[in-house]
Structure formats: C-alpha cells, structure tokens
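Inspection log for the structure reproduced underneath, given as structure tokens.
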Amino acid sequence: TQAVDRTTRRGVSETGDLLKALESSGGRLIALDDGIDSDLMGFADRMRFIMAGELAREERDRISKRTRRGKDEARRRGSFQGGRMAFGLVKDPTAPYGVAVEPEAAAAFRSIVEDIIRGASLATACATMNQAGFLTGNGNLWTSGVLSKTLRRPFLIGHRYQAGDLLRDEDGTPIQVTEPIISEAMFCRVDKVVRSRVSSSPNQQPGQRTMKSGSFLLSGLLRCHCGSAMRSAESGR
C-alpha cells in the first residue's frame, strides 16, 4: 500500500488489530509513503504505524464534520440538496436556491393544465406530454396517477418542501424558490377540476368524494396564528 491511512482510518483499535492479524497469519504490509515494513518493525515503527492510523481517523472525522456543517448550512439557506429534479426544473448554480425553471418544459406543462381546465382528461394530457417527448422528473412516461399527484405539488408555484414542510423564512412565510411554472390561480383552478372528477366510493352517499388525508390543496401552506399547521377535513356538505 502507499500509506497506512489508505489501509485504515479507524484509529488505534483497528491498527492494533491489523498488527495482530499480520503477526498471527505471517502476512506482510509495506507502507511506501510512511517507510514502514511490518517484517522489519521495531517498537518505534509499531508506534508510528499506530499513530498514522490515529491521525487518519482524526482527519476522517474532521472531513465528516466539515461536510455535515456544509450540508446543514446549505439546508438552512434552502439550497438544492441533490437528488432528482422535479419536472420542469433544472440545476442552476447561479440561481439563489440552486434550481431554475426550464422554459420549454414549463410552457408544455402550462399548456396541458389549460387543457385540463377546459375539460381534457388526465389521460389525454399525459398522451400529449409523452408524444411531445416530455418525461416525468423520474424519466418515465406520464400516467394519470403521476400527473394527478404532480398537479398538487407546490413546486409548480415556486415553493419547495424541506424536512417535511415548506421552506419558509423567519416569519414562517413560504419562500419563493423559483419562478412559478403555473400561476397560483391556475394551480387552484386545476385542483378544483381534478377533485371534482374523483369517482364516488360505493359506500358513500351521492355527492361525497373520497379524499386521502393531507391531499387537500394548500395543505402545509396555511398556518394558524399560534404557528401550528392548519389541517383540513371534509364534512360531505
């Protein structure tokens, strides 16, 4: 090996175990950069070997702490933390929050939202996107289920979820991370249209709709004056 710190970065305990293993197995380790040969080790070389492993552990811990601090700071600022981008967004290091709207994809999505509001089915909207070559953020073809969920996601109006809640400023107001792909008015209108098409459950009275908990528009956006999240419930009336 080139150096002891390429063999172990776990400090005294592992370097000691490694020396024992070499002795019991008759193995040999040569660390070229450190000038250590396990076959020729005296007391001083053994101590240098152990210290090199301990220094490597210390450096590993420093790097880990620096990385965590950097990620925590980036999270606090609302910077993009990696992973797949939502549809219509692209990484942009020059943008305040590390992402920007891709104009062509955004225009295509606005167009199908307008179609849905005018009466087009989700299946028709999906076919339009797929035929135009616009795939989902995961790189898959659009389906009605995926589109229905996407239409409820706050990134469409420029917001971002982070740690289970919307990214907010010190006053608790949701931060505008990007330019909206669709307007808030359009966001509300298409939500109303899609929810009105939800099929009635066989066990429900006529006119009632089945809605998943937490699926209401603006869930997580509204806050009570006490600071807690406001929750919605449907009465059926």
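The chains in the structure tokens are called A, B, ... from first to last as shown; in each chain the residues are counted from 1, and the ligands are counted from 1 in the order shown.
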Got a sec: who's within 10 Å of A:Thr143, counting only C-alpha atoms, leaving out chain neighbours fewer than 5 positions off, as a VMD selection string? chain A and resid 122 to 127 129 to 130 136 148
Got time to write the residues from that selection, N, CA, C and O atoms, as a PDB file, in the first residue's frame?
ATOM      1  N   LEU A 122     -57.090  13.612 -17.823  1.00  0.00           N
ATOM      2  CA  LEU A 122     -55.694  13.455 -17.438  1.00  0.00           C
ATOM      3  C   LEU A 122     -54.978  12.520 -18.419  1.00  0.00           C
ATOM      4  O   LEU A 122     -53.806  12.732 -18.742  1.00  0.00           O
ATOM      5  N   ALA A 123     -55.677  11.490 -18.876  1.00  0.00           N
ATOM      6  CA  ALA A 123     -55.076  10.553 -19.828  1.00  0.00           C
ATOM      7  C   ALA A 123     -54.693  11.267 -21.126  1.00  0.00           C
ATOM      8  O   ALA A 123     -53.620  11.027 -21.690  1.00  0.00           O
ATOM      9  N   THR A 124     -55.563  12.165 -21.593  1.00  0.00           N
ATOM     10  CA  THR A 124     -55.265  12.929 -22.805  1.00  0.00           C
ATOM     11  C   THR A 124     -54.067  13.840 -22.580  1.00  0.00           C
ATOM     12  O   THR A 124     -53.180  13.965 -23.442  1.00  0.00           O
ATOM     13  N   ALA A 125     -54.023  14.483 -21.417  1.00  0.00           N
ATOM     14  CA  ALA A 125     -52.900  15.367 -21.094  1.00  0.00           C
ATOM     15  C   ALA A 125     -51.594  14.584 -21.038  1.00  0.00           C
ATOM     16  O   ALA A 125     -50.545  15.052 -21.515  1.00  0.00           O
ATOM     17  N   CYS A 126     -51.640  13.369 -20.458  1.00  0.00           N
ATOM     18  CA  CYS A 126     -50.444  12.522 -20.392  1.00  0.00           C
ATOM     19  C   CYS A 126     -49.971  12.149 -21.797  1.00  0.00           C
ATOM     20  O   CYS A 126     -48.773  12.178 -22.092  1.00  0.00           O
ATOM     21  N   ALA A 127     -50.925  11.793 -22.657  1.00  0.00           N
ATOM     22  CA  ALA A 127     -50.573  11.424 -24.027  1.00  0.00           C
ATOM     23  C   ALA A 127     -49.910  12.595 -24.747  1.00  0.00           C
ATOM     24  O   ALA A 127     -48.940  12.416 -25.500  1.00  0.00           O
ATOM     25  N   MET A 129     -48.109  15.022 -23.392  1.00  0.00           N
ATOM     26  CA  MET A 129     -46.747  15.170 -22.880  1.00  0.00           C
ATOM     27  C   MET A 129     -45.835  14.067 -23.410  1.00  0.00           C
ATOM     28  O   MET A 129     -44.701  14.331 -23.830  1.00  0.00           O
ATOM     29  N   ASN A 130     -46.319  12.837 -23.382  1.00  0.00           N
ATOM     30  CA  ASN A 130     -45.491  11.716 -23.836  1.00  0.00           C
ATOM     31  C   ASN A 130     -45.164  11.819 -25.319  1.00  0.00           C
ATOM     32  O   ASN A 130     -44.022  11.565 -25.743  1.00  0.00           O
ATOM     33  N   THR A 136     -41.456  12.437 -17.129  1.00  0.00           N
ATOM     34  CA  THR A 136     -41.577  12.901 -15.750  1.00  0.00           C
ATOM     35  C   THR A 136     -40.196  13.220 -15.183  1.00  0.00           C
ATOM     36  O   THR A 136     -39.163  12.934 -15.802  1.00  0.00           O
ATOM     37  N   SER A 148     -51.763  13.481 -11.645  1.00  0.00           N
ATOM     38  CA  SER A 148     -52.654  13.966 -10.600  1.00  0.00           C
ATOM     39  C   SER A 148     -51.862  14.407  -9.372  1.00  0.00           C
ATOM     40  O   SER A 148     -52.135  15.458  -8.779  1.00  0.00           O
TER      41      SER A 148
END
Distance table requested - stretch 32-145 of chain A against stretch 168-192 of chain A, cut-off 10 Å, only C-alpha atoms: one row per qualifying residue with the closest atom pair and its distance in Å to one decimal, ordered by chain and rising residue number, as a Markdown table.
| residue | atom | partner | partner_atom | distance |
| --- | --- | --- | --- | --- |
| A:Arg76 | CA | A:Arg168 | CA | 9.9 |
| A:Arg77 | CA | A:Asp169 | CA | 9.6 |
| A:Gly78 | CA | A:Val177 | CA | 8.2 |
| A:Ser79 | CA | A:Val177 | CA | 9.1 |
| A:Phe80 | CA | A:Val177 | CA | 9.9 |
| A:Phe87 | CA | A:Ile181 | CA | 9.9 |
| A:Gly88 | CA | A:Ile181 | CA | 7.6 |
| A:Leu89 | CA | A:Thr178 | CA | 8.7 |
| A:Ala95 | CA | A:Thr178 | CA | 8.5 |
| A:Pro96 | CA | A:Val177 | CA | 7.6 |
| A:Tyr97 | CA | A:Val177 | CA | 6.1 |
| A:Gly98 | CA | A:Val177 | CA | 8.8 |
| A:Val99 | CA | A:Thr178 | CA | 7.0 |
| A:Ala100 | CA | A:Thr178 | CA | 5.8 |
| A:Val101 | CA | A:Glu179 | CA | 6.6 |
| A:Glu102 | CA | A:Ile181 | CA | 9.0 |
| A:Pro103 | CA | A:Ile181 | CA | 8.6 |
| A:Ala105 | CA | A:Ile181 | CA | 9.1 |
| A:Ala106 | CA | A:Ile181 | CA | 5.5 |
| A:Ala107 | CA | A:Ile181 | CA | 7.8 |
| A:Ala108 | CA | A:Ile181 | CA | 9.9 |
| A:Phe109 | CA | A:Ile181 | CA | 7.8 |
| A:Arg110 | CA | A:Ile182 | CA | 6.0 |
| A:Ser111 | CA | A:Ile182 | CA | 9.6 |
| A:Val113 | CA | A:Val190 | CA | 6.7 |
| A:Glu114 | CA | A:Met186 | CA | 8.0 |
| A:Asp115 | CA | A:Val190 | CA | 9.6 |
| A:Ile116 | CA | A:Val190 | CA | 6.9 |
| A:Ile117 | CA | A:Val190 | CA | 5.6 |
| A:Arg118 | CA | A:Val190 | CA | 9.4 |
Those residues you just picked out, can you put them in a file as a compact mmCIF listing (two decimals), in the first residue's frame with C-alpha atoms?
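Produced file selection_0.txt, reproduced below:
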# COMPACT_ATOMS: atom_id res chain seq x y z
CA ARG A 76 -30.64 26.37 6.19
CA ARG A 77 -30.24 28.55 3.10
CA GLY A 78 -32.65 26.34 1.18
CA SER A 79 -30.04 25.33 -1.41
CA PHE A 80 -30.72 22.30 -3.58
CA PHE A 87 -40.40 18.13 -13.75
CA GLY A 88 -39.71 21.49 -15.36
CA LEU A 89 -36.81 22.35 -13.05
CA ALA A 95 -29.85 30.75 -9.06
CA PRO A 96 -30.48 31.84 -5.44
CA TYR A 97 -31.63 28.34 -4.43
CA GLY A 98 -29.69 26.26 -6.96
CA VAL A 99 -32.58 25.49 -9.33
CA ALA A 100 -34.41 27.26 -12.12
CA VAL A 101 -37.41 26.69 -14.37
CA GLU A 102 -36.74 25.12 -17.78
CA PRO A 103 -38.81 27.34 -20.11
CA ALA A 105 -40.88 22.12 -20.26
CA ALA A 106 -42.75 24.72 -18.21
CA ALA A 107 -44.59 26.00 -21.27
CA ALA A 108 -45.64 22.46 -22.22
CA PHE A 109 -46.93 21.81 -18.70
CA ARG A 110 -48.87 25.07 -18.61
CA SER A 111 -50.47 24.10 -21.89
CA VAL A 113 -53.01 22.40 -17.38
CA GLU A 114 -55.02 24.82 -19.50
CA ASP A 115 -56.37 21.83 -21.48
CA ILE A 116 -57.43 20.06 -18.27
CA ILE A 117 -59.19 23.17 -17.01
CA ARG A 118 -61.05 23.34 -20.35
